[in-house]
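**Q** This structure is in structure tokens; I'll ask about it shortly.
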Amino acid sequence: MNVPAIDMKGVWFSYDKTPILKDVTLTLKQGDFLAILGPNGGGKTTLLKLSLGLLKPDRGEIKVLGESPHDAKYRVGYVPQNTDFNTTFPISVMDVAMMGRLSRSRIGRRYSLDDRSKVEAALKNTGIWDYRNALIGSLSGGQRQRVFIARALATDPEILFLDEPTASVDPDFEMDLFEFLRELNRKVTIVTITHDVGVISRHVKSVACVNRTLIFHEQGQITPEMLDMAYHCPVDLIAHGIPHRVLPTHTEE
């Protein structure tokens, strides 16, 4: 029997004594496609960073693929929301994607034929292979995002984490990306943070709403109770071009 992709038990985390996550418990099976919803500052990115081993919980236990997040780091890929990438730096698409193999090749050693094969496959899978010799700064926002996803895929991950992958990209790329992720999900567990509730709901298998605490729904259904917990306000979805309210109007007490 496969171990869970992510297994969190009673996880707490604070920044400067301010609680960010409270008693979070989550078991995510391998092969799942999880969307994480919630307001800004609610703890979504913190949850990802804990899973990646970039942060350590104050209390509780986290296992990723049966290992500690630190030990599992070479088995996961990560696409952060802010890449902090200098687009004026003269570096090619191929070179950026090859950075995903640094953990395998180690700095100071040449890339192997296997490294180059993995990167070529990642660039082709993300539809950006034809731009491999272009400078990263010459690409559109959506094209650059494909390169950063290819860099993460070049690690040959068992789990792919994405933090707001459609931020600052055009709507056409947004639809293409989620279609691509759904296809990729045949082989890779996917965990993505998103605000695109209407779009993502057609692709994911499970949903977690995070606002200090966490509600998890395995069937991928976005319920009024989950959104009420996460946002504390009415939420409108766009379905088939028609807006509809999934929460009743309410006021703060």
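In the structure tokens, chains take the letters A, B, ... in the order shown, each chain's residues start at 1, and ligands count up from 1 in the order shown.
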Report as a list in words all protein, DNA and RNA residues lying within 12 Å of A:Leu65, evaluated on only C-alpha atoms, omitting residues in the same chain fewer than 3 positions from it.
**A**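 After dropping sequence-adjacent residues, the list is Asn2, Val3, Pro4, Ala5, Ile6, Asp7, Met8, Thr27, Leu28, Lys29, Gln30, Gly31, Ser51, Leu52, Ile62, Ser68, Pro69, His70, Asp71, Ala72, Lys73, Tyr74, Arg75, Val76, Pro157, Glu158, Ile159 and Thr189 of chain A.
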**Q** According to DSSP computed on the backbone, where in stretch 10-87 of chain A is there strand (DSSP E)? Give the residues as a PyMOL selection string.
**A** chain A and resi 10-15+18-28+33-37+59-64+76-79
**Q** Considering only C-alpha atoms, return as a list in words whatever protein or nucleic-acid residues lie within 9 Å of A:Ala121, sequence-local ones (same chain, fewer than 4 positions apart) excluded.
**A** Arg116, Ser117, Asn125, Thr126, Trp129, Ala150, Leu153 and Ala154 of chain A
**Q** Next, dump the selected residues to file, keeping only N, CA and C atoms, as a PDB file, in the first residue's frame.
**A**
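Saved to selection.pdb:
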```
ATOM      1  N   ARG A 116      20.147  16.366 -19.493  1.00  0.00           N
ATOM      2  CA  ARG A 116      19.683  17.083 -20.684  1.00  0.00           C
ATOM      3  C   ARG A 116      18.423  16.442 -21.266  1.00  0.00           C
ATOM      4  N   SER A 117      18.341  15.136 -21.171  1.00  0.00           N
ATOM      5  CA  SER A 117      17.149  14.441 -21.658  1.00  0.00           C
ATOM      6  C   SER A 117      15.918  14.817 -20.819  1.00  0.00           C
ATOM      7  N   ASN A 125       7.049  19.087 -22.764  1.00  0.00           N
ATOM      8  CA  ASN A 125       5.779  18.871 -22.078  1.00  0.00           C
ATOM      9  C   ASN A 125       5.062  20.172 -21.751  1.00  0.00           C
ATOM     10  N   THR A 126       5.822  21.229 -21.527  1.00  0.00           N
ATOM     11  CA  THR A 126       5.219  22.525 -21.207  1.00  0.00           C
ATOM     12  C   THR A 126       5.055  23.401 -22.451  1.00  0.00           C
ATOM     13  N   TRP A 129       9.629  24.188 -25.805  1.00  0.00           N
ATOM     14  CA  TRP A 129      10.866  23.692 -26.387  1.00  0.00           C
ATOM     15  C   TRP A 129      11.360  24.564 -27.535  1.00  0.00           C
ATOM     16  N   ALA A 150       8.666  23.970 -16.151  1.00  0.00           N
ATOM     17  CA  ALA A 150       9.590  22.998 -16.746  1.00  0.00           C
ATOM     18  C   ALA A 150      10.800  22.785 -15.839  1.00  0.00           C
ATOM     19  N   LEU A 153       9.692  20.487 -13.206  1.00  0.00           N
ATOM     20  CA  LEU A 153       9.482  19.140 -13.734  1.00  0.00           C
ATOM     21  C   LEU A 153      10.798  18.444 -14.051  1.00  0.00           C
ATOM     22  N   ALA A 154      11.839  19.218 -14.314  1.00  0.00           N
ATOM     23  CA  ALA A 154      13.142  18.638 -14.638  1.00  0.00           C
ATOM     24  C   ALA A 154      13.730  17.860 -13.465  1.00  0.00           C
TER      25      ALA A 154
END
```
**Q** So what do you get for atom CA of A:Arg182 versus atom CA of A:His203, distance-wise?
**A** 6.2 Å
**Q** May I have the residues within 8 Å of A:Val210 as a list in words, using only C-alpha atoms and disregarding those fewer than 2 positions away in the same chain?
**A**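 What passes the distance filter is Ile36, Leu37, Gly38, Pro39, Gly42, Gly43, Lys44, Ala208, Arg212, Thr213, Leu214, Ile215 and Ala230 of chain A.
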**Q** Write to file, as an mmCIF file, in the first residue's frame, the residues of the selection just made, with C-alpha atoms.
**A**
```
data_model
loop_
_atom_site.group_PDB
_atom_site.id
_atom_site.type_symbol
_atom_site.label_atom_id
_atom_site.label_comp_id
_atom_site.auth_asym_id
_atom_site.auth_seq_id
_atom_site.Cartn_x
_atom_site.Cartn_y
_atom_site.Cartn_z
ATOM 1 C CA ILE A 36 -5.685 24.985 -1.733
ATOM 2 C CA LEU A 37 -8.030 27.961 -1.352
ATOM 3 C CA GLY A 38 -8.165 30.774 1.173
ATOM 4 C CA PRO A 39 -7.622 34.489 1.755
ATOM 5 C CA GLY A 42 -4.497 32.768 5.729
ATOM 6 C CA GLY A 43 -1.533 30.382 5.756
ATOM 7 C CA LYS A 44 -1.659 28.778 2.293
ATOM 8 C CA ALA A 208 -8.534 22.275 1.076
ATOM 9 C CA ARG A 212 -5.473 29.451 10.068
ATOM 10 C CA THR A 213 -7.317 26.116 10.297
ATOM 11 C CA LEU A 214 -7.966 23.668 7.448
ATOM 12 C CA ILE A 215 -11.018 21.975 5.966
ATOM 13 C CA ALA A 230 -11.897 30.427 4.386
#
```
**Q** Tell me, in Å to one decimal, how far atom CA of A:Asp156 is from atom CA of A:Pro80.
**A** 17.0 Å
**Q** Which one is closest to A:Asp163: A:Val64, A:Cys209, A:Val188, A:Ile193? Count only C-alpha atoms.
**A**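 Among the listed residues, the smallest separation from A:Asp163 belongs to A:Ile193.
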**Q** Do a neighbour search on A:Thr25 at 7 Å with only C-alpha atoms, toss out local chain neighbours closer than 2 positions, and write the hits as number ranges by chain.
**A** A: 8-11, 23
**Q** Include N, CA and C atoms and write out the residues we just selected as a PDB file, in the first residue's frame.
**A**
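Resulting contents of result39.pdb:
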```
ATOM      1  N   MET A   8       0.008  15.194   7.521  1.00  0.00           N
ATOM      2  CA  MET A   8       0.205  16.180   8.585  1.00  0.00           C
ATOM      3  C   MET A   8      -0.685  15.824   9.771  1.00  0.00           C
ATOM      4  N   LYS A   9      -0.118  15.929  10.960  1.00  0.00           N
ATOM      5  CA  LYS A   9      -0.872  15.625  12.168  1.00  0.00           C
ATOM      6  C   LYS A   9      -0.642  16.713  13.210  1.00  0.00           C
ATOM      7  N   GLY A  10      -1.704  17.452  13.524  1.00  0.00           N
ATOM      8  CA  GLY A  10      -1.646  18.444  14.595  1.00  0.00           C
ATOM      9  C   GLY A  10      -0.581  19.493  14.408  1.00  0.00           C
ATOM     10  N   VAL A  11      -0.471  20.046  13.203  1.00  0.00           N
ATOM     11  CA  VAL A  11       0.599  20.992  12.889  1.00  0.00           C
ATOM     12  C   VAL A  11       0.204  22.419  13.286  1.00  0.00           C
ATOM     13  N   ASP A  23      -3.385  23.615  14.495  1.00  0.00           N
ATOM     14  CA  ASP A  23      -3.831  22.231  14.592  1.00  0.00           C
ATOM     15  C   ASP A  23      -4.287  21.664  13.240  1.00  0.00           C
TER      16      ASP A  23
END
```
**Q** For A:Asp58, list every protein, DNA or RNA residue within 10 Å, evaluated using only C-alpha atoms, and leave out those in the same chain fewer than 4 positions away; present the list as a list of chain:residue names.
**A** A:Val11, A:Trp12, A:Phe13, A:Ser14, A:Tyr15, A:Pro19, A:Leu21
**Q** Can you tell me, as a PyMOL selection string, what residues are no more than 10 Å from A:Tyr131 when counting only C-alpha atoms, ignoring any on the same chain fewer than 4 positions away?
**A** chain A and resi 92-94+123+127+135-136+138-139+143+147
**Q** Take the residues from that selection and write them out as a PDB file, in the first residue's frame, keeping C-alpha atoms.
**A**
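See result_11.pdb below for the written result:
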```
ATOM      1  CA  SER A  92      18.470  31.323 -22.031  1.00  0.00           C
ATOM      2  CA  VAL A  93      15.319  29.307 -21.468  1.00  0.00           C
ATOM      3  CA  MET A  94      17.385  26.111 -21.663  1.00  0.00           C
ATOM      4  CA  LEU A 123      10.374  21.837 -22.035  1.00  0.00           C
ATOM      5  CA  GLY A 127       5.152  23.573 -24.858  1.00  0.00           C
ATOM      6  CA  LEU A 135      16.523  34.791 -23.549  1.00  0.00           C
ATOM      7  CA  ILE A 136      14.152  34.397 -20.611  1.00  0.00           C
ATOM      8  CA  SER A 138      12.178  38.137 -24.095  1.00  0.00           C
ATOM      9  CA  LEU A 139       9.243  35.856 -23.211  1.00  0.00           C
ATOM     10  CA  GLN A 143       5.774  31.698 -21.424  1.00  0.00           C
ATOM     11  CA  VAL A 147       9.747  27.689 -18.189  1.00  0.00           C
TER      12      VAL A 147
END
```
**Q** Record the distance separating atom CA of A:Lys118 and atom CA of A:Thr87, expressed in Å with one decimal.
**A**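 Between atom CA of A:Lys118 and atom CA of A:Thr87 the gap works out to 24.0 Å.
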**Q** Using only C-alpha atoms, which of A:Ala35, A:Ser206, A:Val191, A:Arg146 sits nearest A:Phe173?
**A**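 Ranking A:Ala35, A:Ser206, A:Val191, A:Arg146 by distance to A:Phe173, first place goes to A:Arg146.
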